[in-house]
file my_file_7.csv (CSV, C-alpha atoms)
chain,number,residue,atom,x,y,z
A,1,MET,CA,91.0,45.3,104.4
A,2,ALA,CA,90.3,47.0,101.1
A,3,GLU,CA,87.0,48.7,100.5
A,4,PRO,CA,84.4,46.3,99.0
A,5,LEU,CA,84.3,46.5,95.2
A,6,PHE,CA,80.5,46.4,95.1
A,7,ASN,CA,77.7,47.4,97.5
A,8,ARG,CA,75.4,44.6,96.4
A,9,LEU,CA,76.6,41.7,94.2
A,10,CYS,CA,74.3,39.1,92.7
A,11,LEU,CA,75.5,35.7,91.5
A,12,ILE,CA,73.0,33.9,89.3
A,13,GLY,CA,73.6,30.1,89.1
A,14,LEU,CA,75.5,28.6,92.0
A,15,GLY,CA,77.2,25.6,90.4
A,16,LEU,CA,80.9,25.0,90.6
A,17,ILE,CA,81.9,28.5,89.3
A,18,GLY,CA,79.2,30.5,91.1
A,19,SER,CA,79.6,28.7,94.4
A,20,SER,CA,83.4,29.1,94.2
A,21,LEU,CA,82.9,32.9,93.6
A,22,ALA,CA,80.6,33.0,96.6
A,23,ARG,CA,83.0,31.2,98.9
A,24,MET,CA,85.8,33.5,97.8
A,25,ALA,CA,83.7,36.6,98.4
A,26,ARG,CA,82.6,35.3,101.8
A,27,GLU,CA,86.2,34.5,102.9
A,28,ARG,CA,87.7,37.8,101.7
A,29,GLY,CA,85.0,40.2,102.8
A,30,ASP,CA,86.1,42.9,100.3
A,31,ILE,CA,84.1,41.9,97.3
A,32,ALA,CA,80.6,43.1,98.3
A,33,ARG,CA,78.9,44.5,101.3
A,34,THR,CA,75.9,42.3,100.5
A,35,LEU,CA,76.1,39.1,98.5
A,36,VAL,CA,73.0,37.8,96.8
A,37,ALA,CA,72.8,34.2,95.5
A,38,CYS,CA,70.1,33.2,93.0
A,39,ASP,CA,69.4,29.6,91.8
A,40,HIS,CA,66.1,28.1,90.8
A,41,GLY,CA,67.3,24.5,91.0
A,42,VAL,CA,65.2,22.1,93.1
A,43,GLY,CA,66.6,22.2,96.6
A,44,VAL,CA,69.6,24.4,95.7
A,45,ALA,CA,68.3,27.5,97.5
A,46,ALA,CA,67.9,25.5,100.7
A,47,ARG,CA,71.4,24.1,100.3
A,48,LEU,CA,72.8,27.6,99.8
A,49,ARG,CA,71.3,28.7,103.1
A,50,GLU,CA,72.8,25.6,104.8
A,51,LEU,CA,76.2,26.4,103.4
A,52,ASP,CA,75.8,30.1,104.3
A,53,LEU,CA,77.1,31.1,100.9
A,54,ALA,CA,75.3,34.4,100.7
A,55,ASP,CA,73.6,37.1,102.8
A,56,VAL,CA,70.5,36.8,100.7
A,57,VAL,CA,69.2,33.7,98.8
A,58,GLU,CA,66.6,34.1,96.0
A,59,VAL,CA,65.0,31.7,93.6
A,60,ASP,CA,63.6,34.4,91.4
A,61,ALA,CA,66.2,36.2,89.2
A,62,ALA,CA,64.1,39.4,88.8
A,63,ALA,CA,63.9,39.8,92.5
A,64,ALA,CA,67.5,38.9,93.1
A,65,VAL,CA,69.0,41.7,90.9
A,66,LYS,CA,66.9,44.6,92.3
A,67,GLY,CA,69.2,47.2,93.8
A,68,CYS,CA,72.4,45.4,92.8
A,69,ASP,CA,75.3,47.3,91.4
A,70,ALA,CA,76.8,44.1,90.0
A,71,VAL,CA,75.3,40.9,88.5
A,72,ILE,CA,77.3,37.9,87.3
A,73,LEU,CA,75.6,35.2,85.3
A,74,CYS,CA,77.1,31.8,86.2
A,75,THR,CA,74.5,29.6,84.5
A,76,PRO,CA,75.0,27.5,81.4
A,77,VAL,CA,75.3,29.8,78.4
A,78,GLY,CA,72.2,28.3,76.7
A,79,SER,CA,70.1,29.9,79.5
A,80,PHE,CA,71.5,33.4,79.1
A,81,ALA,CA,68.7,34.7,76.7
A,82,ALA,CA,66.0,33.6,79.1
A,83,VAL,CA,67.7,34.8,82.2
A,84,MET,CA,68.4,38.2,80.6
A,85,ALA,CA,64.7,38.5,79.6
A,86,GLN,CA,63.9,38.1,83.3
A,87,ILE,CA,66.4,40.5,84.8
A,88,ALA,CA,66.8,43.3,82.2
A,89,PRO,CA,63.8,45.3,83.3
A,90,HIS,CA,65.1,45.2,86.9
A,91,LEU,CA,68.8,46.0,86.4
A,92,ALA,CA,69.7,49.2,88.2
A,93,PRO,CA,71.1,52.2,86.2
A,94,GLY,CA,74.9,52.1,86.6
A,95,ALA,CA,75.0,48.4,87.3
A,96,VAL,CA,77.7,46.2,85.9
A,97,LEU,CA,76.7,43.0,84.3
A,98,SER,CA,79.2,40.2,83.7
A,99,ASP,CA,79.3,36.4,83.2
A,100,THR,CA,81.5,33.3,83.4
A,101,GLY,CA,80.4,31.6,80.2
A,102,SER,CA,83.0,29.9,78.1
A,103,THR,CA,81.6,31.2,74.8
A,104,LYS,CA,81.5,34.9,74.1
A,105,GLY,CA,80.0,35.4,70.7
A,106,SER,CA,76.7,33.8,72.0
A,107,VAL,CA,76.9,35.9,75.2
A,108,LEU,CA,76.9,39.1,73.1
A,109,ARG,CA,74.2,37.7,70.8
A,110,ASP,CA,71.9,36.9,73.8
A,111,LEU,CA,72.6,39.8,76.1
A,112,LEU,CA,73.2,43.0,74.0
A,113,PRO,CA,69.7,43.2,72.5
A,114,LEU,CA,68.2,43.4,76.0
A,115,LEU,CA,70.9,45.4,77.7
A,116,PRO,CA,69.3,48.5,79.3
A,117,GLU,CA,70.8,51.9,78.7
A,118,GLY,CA,73.2,52.8,81.5
A,119,VAL,CA,74.1,49.2,82.4
A,120,ASP,CA,77.7,48.2,81.5
A,121,LEU,CA,78.4,44.7,80.1
A,122,VAL,CA,81.8,43.2,80.7
A,123,PRO,CA,81.8,39.6,79.4
A,124,GLY,CA,84.3,37.3,81.2
A,125,HIS,CA,85.5,33.7,81.2
A,126,PRO,CA,87.5,32.1,84.1
A,127,MET,CA,89.7,29.4,82.6
A,128,ALA,CA,89.2,27.2,85.6
A,129,GLY,CA,87.1,24.3,86.6
A,130,THR,CA,86.7,20.6,87.6
A,131,GLU,CA,84.5,17.8,86.5
A,132,HIS,CA,82.2,18.4,89.5
A,133,SER,CA,79.1,20.6,89.6
A,134,GLY,CA,76.6,22.0,92.0
A,135,PRO,CA,76.9,24.3,95.1
A,136,ASP,CA,78.9,21.7,97.1
A,137,ALA,CA,81.5,21.5,94.4
A,138,GLY,CA,82.9,25.0,94.7
A,139,PHE,CA,86.0,26.0,96.6
A,140,SER,CA,87.4,29.5,97.3
A,141,THR,CA,90.8,28.9,95.7
A,142,LEU,CA,89.5,27.6,92.3
A,143,PHE,CA,90.7,30.7,90.5
A,144,GLN,CA,94.1,31.2,92.1
A,145,GLY,CA,96.8,31.3,89.4
A,146,ARG,CA,94.3,30.8,86.6
A,147,TYR,CA,93.6,33.1,83.7
A,148,VAL,CA,90.3,35.0,83.3
A,149,ILE,CA,89.7,36.3,79.8
A,150,LEU,CA,87.6,39.5,79.5
A,151,THR,CA,86.2,40.6,76.1
A,152,PRO,CA,85.4,44.2,76.6
A,153,GLY,CA,83.8,46.5,74.0
A,154,ASP,CA,81.8,49.6,73.6
A,155,TYR,CA,79.0,47.9,75.6
A,156,GLY,CA,80.9,48.5,78.9
A,157,SER,CA,82.8,51.4,80.3
A,158,PRO,CA,86.6,51.3,81.2
A,159,ALA,CA,85.6,51.8,84.9
A,160,ALA,CA,83.2,48.8,84.8
A,161,GLN,CA,85.9,46.7,83.1
A,162,GLU,CA,88.4,47.6,85.8
A,163,LYS,CA,86.0,46.7,88.5
A,164,VAL,CA,85.3,43.2,87.0
A,165,ALA,CA,89.1,42.8,86.5
A,166,GLU,CA,89.8,43.7,90.1
A,167,LEU,CA,87.2,41.2,91.3
A,168,TRP,CA,89.0,38.4,89.5
A,169,ARG,CA,92.4,39.7,90.7
A,170,ARG,CA,91.2,39.6,94.3
A,171,ALA,CA,90.1,36.0,93.5
A,172,GLY,CA,93.8,35.3,92.7
A,173,ALA,CA,93.4,35.2,88.9
A,174,MET,CA,95.4,36.7,86.1
A,175,ILE,CA,93.6,38.9,83.6
A,176,GLU,CA,93.8,38.8,79.8
A,177,THR,CA,91.7,40.7,77.3
A,178,MET,CA,90.7,39.4,73.9
A,179,ASP,CA,88.1,40.1,71.2
A,180,PRO,CA,85.1,37.7,71.3
A,181,THR,CA,85.9,35.9,68.0
A,182,THR,CA,89.5,35.2,69.0
A,183,HIS,CA,88.3,34.0,72.4
A,184,ASP,CA,85.9,31.5,70.9
A,185,LYS,CA,88.5,30.1,68.6
A,186,VAL,CA,91.1,29.8,71.4
A,187,VAL,CA,88.8,28.0,73.8
A,188,ALA,CA,87.5,25.8,71.0
A,189,ILE,CA,91.0,24.2,70.7
A,190,VAL,CA,92.2,24.3,74.3
A,191,SER,CA,88.9,23.4,76.0
A,192,HIS,CA,85.9,22.6,73.9
A,193,LEU,CA,87.6,20.2,71.4
A,194,PRO,CA,89.3,18.2,74.2
A,195,HIS,CA,86.0,17.7,75.9
A,196,LEU,CA,84.4,16.7,72.6
A,197,ILE,CA,87.1,14.1,72.1
A,198,ALA,CA,86.8,12.8,75.7
A,199,PHE,CA,83.1,12.4,75.4
A,200,THR,CA,83.6,10.5,72.1
A,201,ILE,CA,86.3,8.2,73.4
A,202,CYS,CA,84.2,7.3,76.4
A,203,SER,CA,81.1,6.7,74.2
A,204,THR,CA,83.2,4.5,72.0
A,205,ALA,CA,84.4,2.4,74.9
A,206,ASP,CA,80.8,2.2,76.2
A,207,ASP,CA,79.6,0.8,72.8
A,208,LEU,CA,82.1,-2.0,72.8
A,209,ALA,CA,80.8,-5.6,73.2
A,210,GLN,CA,80.1,-6.2,76.9
A,211,GLU,CA,83.0,-8.6,77.5
A,212,THR,CA,85.5,-6.2,75.9
A,213,ARG,CA,84.0,-3.2,77.7
A,214,GLU,CA,84.5,-4.8,81.1
A,215,GLN,CA,88.2,-5.4,80.3
A,216,VAL,CA,88.6,-1.8,79.1
A,217,LEU,CA,87.2,-0.5,82.4
A,218,LYS,CA,89.2,-3.0,84.5
A,219,PHE,CA,92.5,-2.3,82.9
A,220,ALA,CA,92.1,1.4,82.1
A,221,ALA,CA,95.5,3.1,82.1
A,222,SER,CA,96.1,6.7,83.2
A,223,GLY,CA,95.5,8.1,79.7
A,224,PHE,CA,92.0,6.7,79.5
A,225,ARG,CA,91.3,7.7,83.1
A,226,ASP,CA,92.2,11.3,82.2
A,227,PHE,CA,89.6,11.2,79.5
A,228,THR,CA,87.0,9.9,81.9
A,229,ARG,CA,87.7,12.7,84.3
A,230,ILE,CA,87.0,15.2,81.5
A,231,ALA,CA,84.0,13.2,80.3
A,232,ALA,CA,82.4,13.4,83.8
A,233,SER,CA,81.7,17.1,83.3
A,234,ASP,CA,78.3,18.7,83.6
A,235,VAL,CA,75.8,17.7,80.9
A,236,ASP,CA,73.8,20.9,80.6
A,237,MET,CA,76.9,23.1,80.6
A,238,TRP,CA,78.7,21.2,77.8
A,239,ARG,CA,75.7,20.7,75.6
A,240,ASP,CA,75.2,24.5,75.7
A,241,VAL,CA,78.9,25.2,75.1
A,242,PHE,CA,79.0,22.9,72.0
A,243,LEU,CA,75.8,24.4,70.5
A,244,ASN,CA,76.8,28.0,71.2
A,245,ASN,CA,80.4,27.8,69.9
A,246,ARG,CA,79.4,25.7,66.9
A,247,GLU,CA,81.4,27.4,64.2
A,248,ALA,CA,84.7,27.7,66.0
A,249,LEU,CA,84.4,24.1,67.4
A,250,LEU,CA,83.6,22.6,64.0
A,251,GLU,CA,86.5,24.5,62.5
A,252,MET,CA,88.9,23.1,65.1
A,253,LEU,CA,87.4,19.6,64.8
A,254,ALA,CA,88.0,19.6,61.0
A,255,ARG,CA,91.7,20.6,61.6
A,256,PHE,CA,92.1,18.0,64.3
A,257,SER,CA,90.5,15.3,62.0
A,258,GLU,CA,93.0,16.1,59.2
A,259,ASP,CA,95.9,15.9,61.7
A,260,ALA,CA,94.6,12.6,63.2
A,261,HIS,CA,94.2,11.1,59.7
A,262,ALA,CA,97.8,12.2,58.9
A,263,LEU,CA,99.1,10.5,62.0
A,264,GLY,CA,97.0,7.4,61.3
A,265,ARG,CA,98.6,7.2,57.8
A,266,ALA,CA,102.0,7.5,59.3
A,267,VAL,CA,101.2,4.6,61.6
A,268,ARG,CA,99.9,2.6,58.7
A,269,TRP,CA,102.9,3.1,56.5
A,270,GLY,CA,105.5,2.9,59.3
A,271,GLU,CA,106.7,6.6,59.0
A,272,ALA,CA,108.6,6.7,62.2
A,273,ASN,CA,110.0,10.2,61.8
A,274,PHE,CA,106.5,11.7,61.4
A,275,ILE,CA,105.3,9.8,64.5
A,276,GLU,CA,108.3,11.0,66.5
A,277,ASP,CA,107.7,14.6,65.4
A,278,ARG,CA,104.1,14.5,66.7
A,279,ILE,CA,105.1,13.0,70.0
A,280,ARG,CA,107.9,15.6,70.5
A,281,ARG,CA,105.5,18.4,69.7
A,282,GLY,CA,103.1,17.0,72.3
A,283,ARG,CA,105.9,16.9,74.9
A,284,LYS,CA,106.9,20.5,74.0
A,285,ILE,CA,103.3,21.8,74.6
A,286,ARG,CA,103.2,20.0,77.9
A,287,GLY,CA,106.6,21.5,78.9
A,288,SER,CA,105.3,25.0,78.0
A,289,LEU,CA,102.2,24.5,80.2
A,290,ILE,CA,104.4,23.5,83.1
A,291,GLU,CA,106.6,26.5,82.7
A,292,LEU,CA,103.5,28.8,82.7
A,293,LYS,CA,102.3,27.0,85.8
A,294,GLN,CA,99.1,26.0,84.0
A,295,ALA,CA,99.7,22.2,84.6

call {"tool": "encode", "arguments": {"input": "my_file_7.csv", "output": "structure tokens"}}
result
Amino acid sequence: MAEPLFNRLCLIGLGLIGSSLARMARERGDIARTLVACDHGVGVAARLRELDLADVVEVDAAAAVKGCDAVILCTPVGSFAAVMAQIAPHLAPGAVLSDTGSTKGSVLRDLLPLLPEGVDLVPGHPMAGTEHSGPDAGFSTLFQGRYVILTPGDYGSPAAQEKVAELWRRAGAMIETMDPTTHDKVVAIVSHLPHLIAFTICSTADDLAQETREQVLKFAASGFRDFTRIAASDVDMWRDVFLNNREALLEMLARFSEDAHALGRAVRWGEANFIEDRIRRGRKIRGSLIELKQA
């Protein structure tokens, strides 16, 4: 077995991502000599102890990070500023601070002003997940074959970046690096906009007259069921994602709206060639995902 990457690793927020990281670390044994889990959710700490997801379980973030050489924030991104205010005075010199948030501009905005001298920040985003949440939702293989995007900068040393990258490699993930602005635009189109559309379609269905709504649910085809799976995602997480990636999401929504109107006009005026082109492009994207083993 390889030497543990960290002496004492703290995971803050043990939802789907955090609890999956904890399970992976417990199974492998080469991530940290001591694993600390911190979550202030009602009843979550007790459940973490029942599941044996960590060596130490804390409800207070300030206490949890003391003496840790690595801390990973796995809470919704909207909580980062408040969590950082709690933990910053207690982060050990030389510690590595990372995260799993799906926005990166807001992470830098909320963490950098409070980052202590001598602490390395390596923002990260695992492109993996399900519609489930909470400590029972996690599983150790969640990150296998998935991409993790790191957005390194002069706020983190190359050695710290390599340690975070190696953690994700040991989890089975593939590493990509990107600047924060590009990251936020990319995830806006591949993740955030699809969720916005899914929430909207389900809301539209829910607003239909009662009789029609019942028929929609009764005869829902696979396409609609796929939307409902996405729309079942965690409320707090996605509220925070939308609000903290506002500019990139609205830019992609505007482009999508233009394209949707163009396809709608083609349907209205019977422009079969235009319709066929859009369908073929969709099939091409799907084929590319399958080739990359991301579908």

call {"tool": "closest_atom_pairs", "arguments": {"input": "my_file_7.csv", "of": "region 115-186 of chain A", "to": "region 97-104 of chain A", "cutoff": "9 Å", "atoms": "only C-alpha atoms", "output": "JSON lines"}}
result
{"residue": "A:Val119", "atom": "CA", "partner": "A:Leu97", "partner_atom": "CA", "distance": 7.0}
{"residue": "A:Asp120", "atom": "CA", "partner": "A:Leu97", "partner_atom": "CA", "distance": 6.0}
{"residue": "A:Leu121", "atom": "CA", "partner": "A:Leu97", "partner_atom": "CA", "distance": 4.8}
{"residue": "A:Val122", "atom": "CA", "partner": "A:Ser98", "partner_atom": "CA", "distance": 5.0}
{"residue": "A:Pro123", "atom": "CA", "partner": "A:Ser98", "partner_atom": "CA", "distance": 5.1}
{"residue": "A:Gly124", "atom": "CA", "partner": "A:Thr100", "partner_atom": "CA", "distance": 5.4}
{"residue": "A:His125", "atom": "CA", "partner": "A:Thr100", "partner_atom": "CA", "distance": 4.6}
{"residue": "A:Pro126", "atom": "CA", "partner": "A:Thr100", "partner_atom": "CA", "distance": 6.2}
{"residue": "A:Met127", "atom": "CA", "partner": "A:Ser102", "partner_atom": "CA", "distance": 8.1}
{"residue": "A:Val148", "atom": "CA", "partner": "A:Thr100", "partner_atom": "CA", "distance": 9.0}
{"residue": "A:Thr151", "atom": "CA", "partner": "A:Lys104", "partner_atom": "CA", "distance": 7.7}
{"residue": "A:Gly156", "atom": "CA", "partner": "A:Leu97", "partner_atom": "CA", "distance": 8.8}
{"residue": "A:Ala160", "atom": "CA", "partner": "A:Leu97", "partner_atom": "CA", "distance": 8.7}
{"residue": "A:Val164", "atom": "CA", "partner": "A:Ser98", "partner_atom": "CA", "distance": 7.6}
{"residue": "A:Asp179", "atom": "CA", "partner": "A:Lys104", "partner_atom": "CA", "distance": 8.9}
{"residue": "A:Pro180", "atom": "CA", "partner": "A:Lys104", "partner_atom": "CA", "distance": 5.4}
{"residue": "A:Thr181", "atom": "CA", "partner": "A:Lys104", "partner_atom": "CA", "distance": 7.6}
{"residue": "A:His183", "atom": "CA", "partner": "A:Lys104", "partner_atom": "CA", "distance": 7.1}
{"residue": "A:Asp184", "atom": "CA", "partner": "A:Thr103", "partner_atom": "CA", "distance": 5.8}

call {"tool": "atom_distance", "arguments": {"input": "my_file_7.csv", "atom1": "CA of Tyr147 (chain A)", "atom2": "CA of Ile31 (chain A)"}}
result
18.8 Å

call {"tool": "closest_residue", "arguments": {"input": "my_file_7.csv", "among": "A:Val36, A:Leu112, A:Leu167, A:Ala95", "to": "Gly13 (chain A)", "atoms": "all atoms listed in the file"}}
result
A:Val36

call {"tool": "residues_near_point", "arguments": {"input": "my_file_7.csv", "point": "(78.6, 29.1, 62.2)", "cutoff": "12 Å", "atoms": "all atoms listed in the file", "output": "number ranges by chain"}}
result
A: 105-106, 181, 184-185, 242-251

call {"tool": "closest_atom_pairs", "arguments": {"input": "my_file_7.csv", "of": "region 229-271 of chain A", "to": "region 202-224 of chain A", "cutoff": "12 Å", "atoms": "all atoms listed in the file", "output": "tab-separated table"}}
result
residue	atom	partner	partner_atom	distance
A:Arg229	CA	A:Phe224	CA	8.8
A:Ile230	CA	A:Cys202	CA	9.8
A:Ala231	CA	A:Cys202	CA	7.1
A:Ala232	CA	A:Cys202	CA	9.8

call {"tool": "residues_around", "arguments": {"input": "my_file_7.csv", "residues": "region 128-144 of chain A", "least_positions_apart": "6", "cutoff": "10 Å", "atoms": "only C-alpha atoms", "output": "number ranges by chain"}}
result
A: 13-28, 39, 41, 44-45, 47-48, 51, 53, 168-174, 228-235, 237

call {"tool": "closest_residue", "arguments": {"input": "my_file_7.csv", "among": "A:Cys74, A:Ala198, A:Ala63, A:Val57", "to": "Leu11 (chain A)", "atoms": "all atoms listed in the file"}}
result
A:Cys74

call {"tool": "atom_distance", "arguments": {"input": "my_file_7.csv", "atom1": "CA of Arg255 (chain A)", "atom2": "CA of His192 (chain A)"}}
result
13.7 Å

call {"tool": "atom_distance", "arguments": {"input": "my_file_7.csv", "atom1": "CA of Arg278 (chain A)", "atom2": "CA of Gly145 (chain A)"}}
result
29.2 Å

call {"tool": "closest_residue", "arguments": {"input": "my_file_7.csv", "among": "A:Val96, A:Met84, A:Leu108, A:Ile275", "to": "Leu9 (chain A)", "atoms": "all atoms listed in the file"}}
result
A:Val96

call {"tool": "decode", "arguments": {"input": "my_file_7.csv", "residues": "region 162-226 of chain A", "atoms": "C-alpha atoms", "output": "PDB file, in the first residue's frame"}}
result
ATOM      1  CA  GLU A 162      -0.093  17.597  -7.105  1.00  0.00           C
ATOM      2  CA  LYS A 163      -1.295  16.252  -3.758  1.00  0.00           C
ATOM      3  CA  VAL A 164      -4.900  17.170  -4.533  1.00  0.00           C
ATOM      4  CA  ALA A 165      -4.577  15.714  -8.032  1.00  0.00           C
ATOM      5  CA  GLU A 166      -3.143  12.493  -6.592  1.00  0.00           C
ATOM      6  CA  LEU A 167      -6.062  12.222  -4.141  1.00  0.00           C
ATOM      7  CA  TRP A 168      -8.491  12.283  -7.050  1.00  0.00           C
ATOM      8  CA  ARG A 169      -6.366   9.894  -9.098  1.00  0.00           C
ATOM      9  CA  ARG A 170      -6.485   7.426  -6.223  1.00  0.00           C
ATOM     10  CA  ALA A 171     -10.276   7.859  -6.262  1.00  0.00           C
ATOM     11  CA  GLY A 172     -10.202   6.680  -9.883  1.00  0.00           C
ATOM     12  CA  ALA A 173     -10.749  10.083 -11.495  1.00  0.00           C
ATOM     13  CA  MET A 174      -9.101  11.756 -14.475  1.00  0.00           C
ATOM     14  CA  ILE A 175      -7.577  15.201 -13.929  1.00  0.00           C
ATOM     15  CA  GLU A 176      -8.023  18.315 -16.077  1.00  0.00           C
ATOM     16  CA  THR A 177      -6.848  21.834 -15.281  1.00  0.00           C
ATOM     17  CA  MET A 178      -8.656  24.977 -16.358  1.00  0.00           C
ATOM     18  CA  ASP A 179      -8.829  28.642 -15.479  1.00  0.00           C
ATOM     19  CA  PRO A 180     -11.818  29.531 -13.255  1.00  0.00           C
ATOM     20  CA  THR A 181     -13.663  31.630 -15.854  1.00  0.00           C
ATOM     21  CA  THR A 182     -13.473  28.930 -18.512  1.00  0.00           C
ATOM     22  CA  HIS A 183     -14.542  26.325 -15.956  1.00  0.00           C
ATOM     23  CA  ASP A 184     -17.641  28.284 -15.014  1.00  0.00           C
ATOM     24  CA  LYS A 185     -18.667  28.715 -18.665  1.00  0.00           C
ATOM     25  CA  VAL A 186     -18.101  25.034 -19.450  1.00  0.00           C
ATOM     26  CA  VAL A 187     -20.115  23.743 -16.506  1.00  0.00           C
ATOM     27  CA  ALA A 188     -22.837  26.312 -17.208  1.00  0.00           C
ATOM     28  CA  ILE A 189     -23.617  24.576 -20.513  1.00  0.00           C
ATOM     29  CA  VAL A 190     -22.908  20.937 -19.623  1.00  0.00           C
ATOM     30  CA  SER A 191     -24.377  20.879 -16.124  1.00  0.00           C
ATOM     31  CA  HIS A 192     -26.059  24.016 -14.823  1.00  0.00           C
ATOM     32  CA  LEU A 193     -28.241  24.801 -17.860  1.00  0.00           C
ATOM     33  CA  PRO A 194     -29.521  21.187 -18.157  1.00  0.00           C
ATOM     34  CA  HIS A 195     -30.546  21.322 -14.509  1.00  0.00           C
ATOM     35  CA  LEU A 196     -32.269  24.689 -15.011  1.00  0.00           C
ATOM     36  CA  ILE A 197     -34.186  23.243 -17.986  1.00  0.00           C
ATOM     37  CA  ALA A 198     -35.121  20.107 -16.057  1.00  0.00           C
ATOM     38  CA  PHE A 199     -36.440  22.090 -13.080  1.00  0.00           C
ATOM     39  CA  THR A 200     -38.426  24.291 -15.481  1.00  0.00           C
ATOM     40  CA  ILE A 201     -39.982  21.424 -17.454  1.00  0.00           C
ATOM     41  CA  CYS A 202     -41.062  19.696 -14.251  1.00  0.00           C
ATOM     42  CA  SER A 203     -42.494  22.953 -12.901  1.00  0.00           C
ATOM     43  CA  THR A 204     -44.424  23.422 -16.152  1.00  0.00           C
ATOM     44  CA  ALA A 205     -45.853  19.919 -15.868  1.00  0.00           C
ATOM     45  CA  ASP A 206     -46.761  20.554 -12.244  1.00  0.00           C
ATOM     46  CA  ASP A 207     -48.645  23.738 -13.226  1.00  0.00           C
ATOM     47  CA  LEU A 208     -50.892  21.975 -15.734  1.00  0.00           C
ATOM     48  CA  ALA A 209     -54.568  21.546 -14.939  1.00  0.00           C
ATOM     49  CA  GLN A 210     -55.026  18.638 -12.517  1.00  0.00           C
ATOM     50  CA  GLU A 211     -56.551  16.230 -15.030  1.00  0.00           C
ATOM     51  CA  THR A 212     -53.831  16.827 -17.614  1.00  0.00           C
ATOM     52  CA  ARG A 213     -51.107  16.668 -14.976  1.00  0.00           C
ATOM     53  CA  GLU A 214     -52.244  13.225 -13.863  1.00  0.00           C
ATOM     54  CA  GLN A 215     -52.091  11.967 -17.438  1.00  0.00           C
ATOM     55  CA  VAL A 216     -48.618  13.468 -17.885  1.00  0.00           C
ATOM     56  CA  LEU A 217     -47.328  11.585 -14.860  1.00  0.00           C
ATOM     57  CA  LYS A 218     -49.159   8.382 -15.775  1.00  0.00           C
ATOM     58  CA  PHE A 219     -47.827   8.207 -19.314  1.00  0.00           C
ATOM     59  CA  ALA A 220     -44.423   9.834 -18.794  1.00  0.00           C
ATOM     60  CA  ALA A 221     -41.994   8.520 -21.398  1.00  0.00           C
ATOM     61  CA  SER A 222     -38.277   8.008 -20.878  1.00  0.00           C
ATOM     62  CA  GLY A 223     -37.410  11.567 -21.973  1.00  0.00           C
ATOM     63  CA  PHE A 224     -39.596  13.126 -19.300  1.00  0.00           C
ATOM     64  CA  ARG A 225     -38.399  10.570 -16.731  1.00  0.00           C
ATOM     65  CA  ASP A 226     -34.803  11.610 -17.453  1.00  0.00           C
TER      66      ASP A 226
END
